[in-house]
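K.L.:
This structure is in structure tokens; I'll ask about it shortly.
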Amino acid sequence: MRLLLAPVVTALALIAPSVAAQEHRSAVEVIGFADFNFFVTERPQLRGFRSGQFAGHLSAALTPRLGVFAEVTASPVAAGPFNLEIERSILRYDFADYFKLSAGRYHTPMGYWNTAFHHGQWLQTSVNRPEMVKFGGQFLPVHFVGLLAEGSLAQGALSLHYHAGVGNGRGANIARGGDAGDANAQRAWVVGVSLSPGTPRGLAFGAGVYGDRVRPAVGASVNERMVGAFVAWTTERPEVIAEYMRSRHEQDAGPTVTSKASYAQVAYRLPGAANAWKPYARYELVEVPAGDPLLGTLGLNYRAALVGLRYDFAPVAALKAEYRREKPGGAVWFDTIVLQVSFTFPRWQEEQVSEVTP
Amino acid sequence: MTRRVVVAAAIGLVSLVARAHSQAAGSDIAVVVSANSTVSDLPLADLRRILLGDRQFWGDRTRITVVVPPPASAERATMLRVIYRMRESEYRQYWVAKIFRAEVTSGPRVASAEQAKRLVAATPGAIALIPASAVDGTVKVLRVDGRGPGQTGYPLR
């Protein structure tokens with residue numbers, strides 16, 4: 001182990017620059033998101049007005065290269081007070097653009113949506129996340145506790161981003177990361193790359209792999225191997241996001257079963273005087289065979305089509321109206337209409353340079 | 001007589017061209033860094049990456065501090081059109097998302113031309129966009145895609 005660590009530590013020391021030579025500003029950025037909803041649904045769940053989630057994000061440069069990021073949410077619960085959660089807590093050291101090393105609790109960097117919008121409902125076009133990456137969901141381990149190396153390389157307009165991490169993976173409750181420690185001796189790992197050609201603007205492709213040995217609260221341990229790919233074209237005209245993931249689960253001496261999930265979303269901000277309006281549509285599919293040793297008994301099969309209209313009535317607030325036709329679990333289709341107002345606060349603006357002392 | 005007319009016309013033409021050149025340079029945005037910087041030329045793609053927060057370090061691994069023109073200024077409008085290719089509201093949303101994704105700890109800083117020059121002169125790694133007419137000896141002007149303010153084909157105008 002020491003033989004392995006020695007060259008790593010030496011390499012880090014060589015690329016770490018003199019901190020004293022760097023300009024330091026201790027600016028703290030605080031950004032909040034919140035939403036409020038009204039539901040009419042055929043699904044057997046609570047209806048009417050619903051408080052959305054409150055998300056607060058803080059980031060600060062502790063030194064010129066050391067940054068801290070934290071995201072905390074308060075979510076309504078059917079019975080009881082709001083549930084407080086530390087969603088992300090990350091300490092990162094930036095050696096250079098091509099190498100940044102961090103530790104903490106992340107949204108698992110698999111696919112696009114999970115790390116693009118986090119808990120900022122206002123940032124995403126639609127009312128909710130796709131089912132495959134929904135918070136509290138079990139298809140994708142939404143959180144990851146551990147270490148992450150990442151960086152980007154660029155040539156002309158082309159840029160390549162990579163990340164590689166090792167961490168605790170799923171906890172005994174497989175919807176959650178192993179916050180207080182891993183449930184077994186096998187760490188989870190994740191590797192991913194994304195490529196932005198630069199032209200057309202806002203286009204990115206990516207792929208990733210995630211592996212873990214999961215020890216659920218009930219049943220034997222399961223080996224999990226997940227592969228995924230995405231394409232995202234995130235100009236407002238148009239916005240296209242599509243993801244696909246397949247997750248292979250295998251118990252010792254048992255069969256190997258593969259579950260699949262995907263979605264494709266298209267949106268287009270209208271031009272000219274109507275540019276506050278953005279219609280969108282999404283199709284989703286989650287297919288989990290009954291024989292899947294990790295997910296098969298959880299009723300995760302899901303199919304949905306939705307259409308919606310987003311209206312940005314202020315630079316920091318949006319009203320969304322969405323109609324969904326969805327088939328969760330069994331064979332019955334349900335219709336749902338949702339109205340949501342989402343916003344961010346305070347209105348972000350750059351830090352004003354104050355008096356500079358030469 | 002004819003000779004005098006030709007000379008006068010030539011002088012007038014030269015003065016018109018010089019004036020037009022000066023006006024063009026005056027309406028251009030200069031990209032300025034510390035006078036001690038070793039950088040002298042930036043491809044537009046790199047400048048765009050720096051202002052978008054996708055590139056945060058110079059080649060010597062000095063942290064880049066980005067200073068942008070104030071809202072509602074002509075320089076800001078040019079920056080949004082040429083570099084960001086966004087409207088003001090999209091620019092703000094871009095930085096909210098960038099910070100929220102933990103890709104940067106904070107967004108650019110905003111300053112008048114005079115403040116920006118003082119900051120750039122005092123801060124290794126700082127880069128600012130200021131009116132070309134405000135450039136003086138305290139800062140170094142970078143060429144963009146091999147061209148400086150006032151030159152034909154300079155992209156920041």
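We name chains A, B, ... following the order of the structure tokens; residues begin at 1 in each chain, and ligands are numbered from 1 as shown.
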For stretch 329-336 of chain A, list every protein, DNA or RNA residue within 12 Å, evaluated using only C-alpha atoms, and leave out those in the same chain fewer than 3 positions away; present the list as an MDAnalysis selection string.
P.N.:
chainID A and resid 38:48 127 131 285:290 296:308 321:326 339
K.L.:
Just write the chosen residues, N, CA and C atoms, as a compact mmCIF listing (two decimals), in the first residue's frame.
P.N.:
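This is the output file selection_4.txt:
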# COMPACT_ATOMS: atom_id res chain seq x y z
N PHE A 38 -49.05 22.19 -7.09
CA PHE A 38 -50.46 21.77 -6.97
C PHE A 38 -50.65 20.54 -7.85
N PHE A 39 -51.16 19.45 -7.25
CA PHE A 39 -51.29 18.16 -7.94
C PHE A 39 -52.74 17.77 -8.10
N VAL A 40 -53.08 17.30 -9.27
CA VAL A 40 -54.34 16.57 -9.47
C VAL A 40 -53.92 15.26 -10.11
N THR A 41 -54.19 14.14 -9.45
CA THR A 41 -53.66 12.88 -9.96
C THR A 41 -54.60 11.71 -9.69
N GLU A 42 -54.53 10.73 -10.57
CA GLU A 42 -55.26 9.47 -10.36
C GLU A 42 -54.45 8.49 -9.53
N ARG A 43 -53.18 8.79 -9.34
CA ARG A 43 -52.33 7.88 -8.57
C ARG A 43 -52.76 7.89 -7.10
N PRO A 44 -52.60 6.75 -6.43
CA PRO A 44 -52.99 6.68 -5.02
C PRO A 44 -51.97 7.38 -4.12
N GLN A 45 -52.02 8.69 -4.16
CA GLN A 45 -51.10 9.47 -3.33
C GLN A 45 -51.76 10.79 -2.95
N LEU A 46 -51.13 11.54 -2.07
CA LEU A 46 -51.71 12.79 -1.62
C LEU A 46 -51.83 13.76 -2.78
N ARG A 47 -52.91 14.57 -2.73
CA ARG A 47 -53.16 15.52 -3.81
C ARG A 47 -53.24 16.93 -3.24
N GLY A 48 -53.54 17.87 -4.12
CA GLY A 48 -53.71 19.25 -3.68
C GLY A 48 -52.40 20.01 -3.64
N VAL A 127 -41.02 19.67 -14.24
CA VAL A 127 -41.40 19.75 -12.83
C VAL A 127 -40.52 18.84 -11.99
N GLU A 131 -37.73 9.44 -13.68
CA GLU A 131 -37.89 8.38 -12.68
C GLU A 131 -36.57 7.67 -12.37
N LEU A 285 -38.68 5.32 -19.51
CA LEU A 285 -38.87 3.88 -19.42
C LEU A 285 -37.91 3.30 -18.39
N VAL A 286 -38.44 2.50 -17.47
CA VAL A 286 -37.61 1.75 -16.52
C VAL A 286 -38.09 0.30 -16.59
N GLU A 287 -37.19 -0.60 -16.91
CA GLU A 287 -37.54 -2.02 -17.04
C GLU A 287 -36.68 -2.85 -16.09
N VAL A 288 -37.33 -3.41 -15.09
CA VAL A 288 -36.62 -4.22 -14.10
C VAL A 288 -37.25 -5.61 -14.07
N PRO A 289 -36.55 -6.64 -14.55
CA PRO A 289 -37.13 -8.00 -14.52
C PRO A 289 -37.38 -8.44 -13.08
N ALA A 290 -38.41 -9.27 -12.91
CA ALA A 290 -38.77 -9.75 -11.57
C ALA A 290 -37.63 -10.55 -10.94
N GLY A 296 -35.53 -6.45 -8.20
CA GLY A 296 -36.69 -7.13 -8.78
C GLY A 296 -37.97 -7.09 -7.95
N THR A 297 -37.84 -6.96 -6.63
CA THR A 297 -39.05 -6.98 -5.79
C THR A 297 -39.53 -5.59 -5.41
N LEU A 298 -38.91 -4.57 -5.98
CA LEU A 298 -39.20 -3.20 -5.51
C LEU A 298 -40.25 -2.48 -6.34
N GLY A 299 -40.74 -3.12 -7.37
CA GLY A 299 -41.79 -2.49 -8.18
C GLY A 299 -41.32 -1.24 -8.90
N LEU A 300 -40.14 -1.32 -9.52
CA LEU A 300 -39.55 -0.12 -10.14
C LEU A 300 -39.95 0.06 -11.60
N ASN A 301 -40.65 -0.93 -12.18
CA ASN A 301 -41.03 -0.75 -13.59
C ASN A 301 -41.85 0.51 -13.76
N TYR A 302 -41.57 1.21 -14.82
CA TYR A 302 -42.20 2.53 -14.99
C TYR A 302 -42.16 2.92 -16.46
N ARG A 303 -43.23 3.51 -16.89
CA ARG A 303 -43.30 4.02 -18.25
C ARG A 303 -44.09 5.32 -18.18
N ALA A 304 -43.65 6.34 -18.86
CA ALA A 304 -44.38 7.61 -18.78
C ALA A 304 -44.13 8.46 -20.02
N ALA A 305 -45.12 9.24 -20.35
CA ALA A 305 -44.96 10.28 -21.37
C ALA A 305 -45.52 11.55 -20.75
N LEU A 306 -44.84 12.64 -20.94
CA LEU A 306 -45.33 13.89 -20.36
C LEU A 306 -45.10 15.04 -21.33
N VAL A 307 -45.98 16.01 -21.23
CA VAL A 307 -45.81 17.26 -21.97
C VAL A 307 -46.00 18.40 -20.98
N GLY A 308 -45.32 19.48 -21.22
CA GLY A 308 -45.43 20.60 -20.28
C GLY A 308 -45.11 21.92 -20.95
N ALA A 321 -46.49 24.02 -16.08
CA ALA A 321 -47.72 23.23 -16.11
C ALA A 321 -47.40 21.95 -16.88
N GLU A 322 -47.73 20.82 -16.27
CA GLU A 322 -47.29 19.55 -16.86
C GLU A 322 -48.40 18.51 -16.79
N TYR A 323 -48.56 17.78 -17.87
CA TYR A 323 -49.50 16.65 -17.90
C TYR A 323 -48.69 15.39 -18.09
N ARG A 324 -48.94 14.40 -17.22
CA ARG A 324 -48.21 13.13 -17.31
C ARG A 324 -49.18 11.98 -17.47
N ARG A 325 -48.82 11.05 -18.31
CA ARG A 325 -49.52 9.77 -18.38
C ARG A 325 -48.47 8.72 -18.04
N GLU A 326 -48.66 8.04 -16.93
CA GLU A 326 -47.59 7.17 -16.44
C GLU A 326 -48.13 5.84 -15.94
N LEU A 339 -49.03 21.70 -11.41
CA LEU A 339 -48.62 23.10 -11.58
C LEU A 339 -47.51 23.35 -10.57
K.L.:
Determine, counting only C-alpha atoms, which protein, DNA and RNA residues have an atom within 8 Å of an atom of A:Asn223; residues of the same chain fewer than 5 positions away are not included. Present the result as a VMD selection string.
P.N.:
chain A and resid 211 to 214 248 to 251
K.L.:
Pull out every residue of chain A that has at least one atom within 8 Å of chain B, counting only C-alpha atoms, and report them as a ChimeraX atom specification.
P.N.:
/A:17,22-23,27-29,31,57,59-61,64-65,67-69,95-97,115-118,123,156-157,315,348-358
K.L.:
Would you work out the distance separating atom CA of B:Leu47 from atom CA of A:Arg92, expressed in Å to one decimal?
P.N.:
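Computing it gives 24.7 Å between the two atoms.
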K.L.:
Find the distance between atom CA of A:His163 and atom CA of A:Gly111 and write it in Å to one decimal.
P.N.:
11.9 Å
K.L.:
When you look at A:Ala149 with a cut-off of 7 Å (counting only C-alpha atoms), what residues show up, excluding the ones that are within fewer than 3 positions of it in the same chain? I need them as a PyMOL selection string.
P.N.:
chain A and resi 99-102+163-165
K.L.:
May I have the residues from that selection written out with N, CA and C atoms, as an mmCIF file, in the first residue's frame?
P.N.:
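What follows is the written file part12.cif:
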data_model
loop_
_atom_site.group_PDB
_atom_site.id
_atom_site.type_symbol
_atom_site.label_atom_id
_atom_site.label_comp_id
_atom_site.auth_asym_id
_atom_site.auth_seq_id
_atom_site.Cartn_x
_atom_site.Cartn_y
_atom_site.Cartn_z
ATOM 1 N N PHE A 99 -6.592 18.481 -13.168
ATOM 2 C CA PHE A 99 -6.616 17.578 -12.015
ATOM 3 C C PHE A 99 -7.145 18.283 -10.772
ATOM 4 N N LYS A 100 -8.291 17.828 -10.304
ATOM 5 C CA LYS A 100 -8.906 18.338 -9.082
ATOM 6 C C LYS A 100 -9.275 17.132 -8.229
ATOM 7 N N LEU A 101 -8.975 17.225 -6.958
ATOM 8 C CA LEU A 101 -9.192 16.083 -6.075
ATOM 9 C C LEU A 101 -10.116 16.520 -4.942
ATOM 10 N N SER A 102 -11.122 15.724 -4.669
ATOM 11 C CA SER A 102 -12.075 16.122 -3.627
ATOM 12 C C SER A 102 -12.497 14.926 -2.790
ATOM 13 N N HIS A 163 -13.802 11.949 -14.829
ATOM 14 C CA HIS A 163 -13.858 11.818 -13.374
ATOM 15 C C HIS A 163 -13.689 10.347 -13.023
ATOM 16 N N ALA A 164 -13.121 10.130 -11.854
ATOM 17 C CA ALA A 164 -12.955 8.770 -11.351
ATOM 18 C C ALA A 164 -13.042 8.832 -9.838
ATOM 19 N N GLY A 165 -13.834 7.960 -9.257
ATOM 20 C CA GLY A 165 -14.027 8.034 -7.818
ATOM 21 C C GLY A 165 -14.105 6.670 -7.169
#
K.L.:
Counting only C-alpha atoms, what is within 6 Å of B:Pro131, bar same-chain residues fewer than 2 positions away, as a PDB file with C-alpha atoms, in the first residue's frame?
P.N.:
ATOM      1  CA  ILE B  29     -13.019  45.775 -26.079  1.00  0.00           C
ATOM      2  CA  ALA B  30      -9.476  45.128 -24.944  1.00  0.00           C
ATOM      3  CA  SER B 133      -9.917  53.561 -25.194  1.00  0.00           C
ATOM      4  CA  ALA B 134      -9.243  53.049 -21.463  1.00  0.00           C
TER       5      ALA B 134
END
K.L.:
Using DSSP on the backbone coordinates, identify the residues of stretch 10-119 of chain B assigned to helix (DSSP H, G or I); present them as a ChimeraX atom specification.
P.N.:
/B:10-27,44-51,74-84,88-100,113-119
K.L.:
For a test of reading the model, state the distance in Å between atom CA of A:Ala55 and atom CA of A:Ala79, rounded to one decimal.
P.N.:
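Between these atoms lies a distance of 20.3 Å.
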K.L.:
Taking 6 positions as the minimum chain separation for residues in the same chain, which residues sit within 12 Å of B:Lys140 when counting only C-alpha atoms? Answer as an MDAnalysis selection string.
P.N.:
chainID B and resid 30:41 117 120:121 126:130 132 134 148
K.L.:
Of the candidates A:Ala267, A:Val72, A:Met110, A:Leu147, which one gets nearest to A:Gly206 if we count only C-alpha atoms?
P.N.:
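Smallest separation from A:Gly206 among the options: A:Met110.
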K.L.:
Any chance you could list, as a VMD selection string, the residues in chain B that come up strand (DSSP E) when DSSP is run on the backbone?
P.N.:
chain B and resid 29 to 34 41 to 42 65 to 68 109 to 110 126 to 131 139 to 144
K.L.:
Selected residues, C-alpha atoms, written as a PDB file, in the first residue's frame, please.
P.N.:
ATOM      1  CA  ILE B  29     -13.019  45.775 -26.079  1.00  0.00           C
ATOM      2  CA  ALA B  30      -9.476  45.128 -24.944  1.00  0.00           C
ATOM      3  CA  VAL B  31      -8.543  41.983 -23.083  1.00  0.00           C
ATOM      4  CA  VAL B  32      -6.025  43.021 -20.447  1.00  0.00           C
ATOM      5  CA  VAL B  33      -3.814  41.168 -17.991  1.00  0.00           C
ATOM      6  CA  SER B  34      -1.030  42.107 -15.627  1.00  0.00           C
ATOM      7  CA  ASP B  41      -2.008  36.084 -27.453  1.00  0.00           C
ATOM      8  CA  LEU B  42      -5.163  34.090 -26.748  1.00  0.00           C
ATOM      9  CA  THR B  65      -9.527  35.876 -11.805  1.00  0.00           C
ATOM     10  CA  VAL B  66     -12.105  37.083 -14.331  1.00  0.00           C
ATOM     11  CA  VAL B  67     -13.329  40.686 -14.284  1.00  0.00           C
ATOM     12  CA  VAL B  68     -16.236  41.655 -16.524  1.00  0.00           C
ATOM     13  CA  ARG B 109     -16.164  39.897 -10.613  1.00  0.00           C
ATOM     14  CA  VAL B 110     -17.562  43.094 -12.048  1.00  0.00           C
ATOM     15  CA  ALA B 126      -6.399  38.458 -13.357  1.00  0.00           C
ATOM     16  CA  ILE B 127      -7.930  39.110 -16.767  1.00  0.00           C
ATOM     17  CA  ALA B 128     -10.391  41.876 -17.585  1.00  0.00           C
ATOM     18  CA  LEU B 129     -12.431  43.216 -20.462  1.00  0.00           C
ATOM     19  CA  ILE B 130     -12.264  47.001 -20.707  1.00  0.00           C
ATOM     20  CA  PRO B 131     -12.879  49.567 -23.456  1.00  0.00           C
ATOM     21  CA  VAL B 139      -1.854  46.713 -18.008  1.00  0.00           C
ATOM     22  CA  LYS B 140      -0.934  44.491 -20.940  1.00  0.00           C
ATOM     23  CA  VAL B 141      -3.302  44.114 -23.889  1.00  0.00           C
ATOM     24  CA  LEU B 142      -3.679  40.589 -25.263  1.00  0.00           C
ATOM     25  CA  ARG B 143      -4.127  39.820 -28.924  1.00  0.00           C
ATOM     26  CA  VAL B 144      -7.129  37.626 -29.634  1.00  0.00           C
TER      27      VAL B 144
END
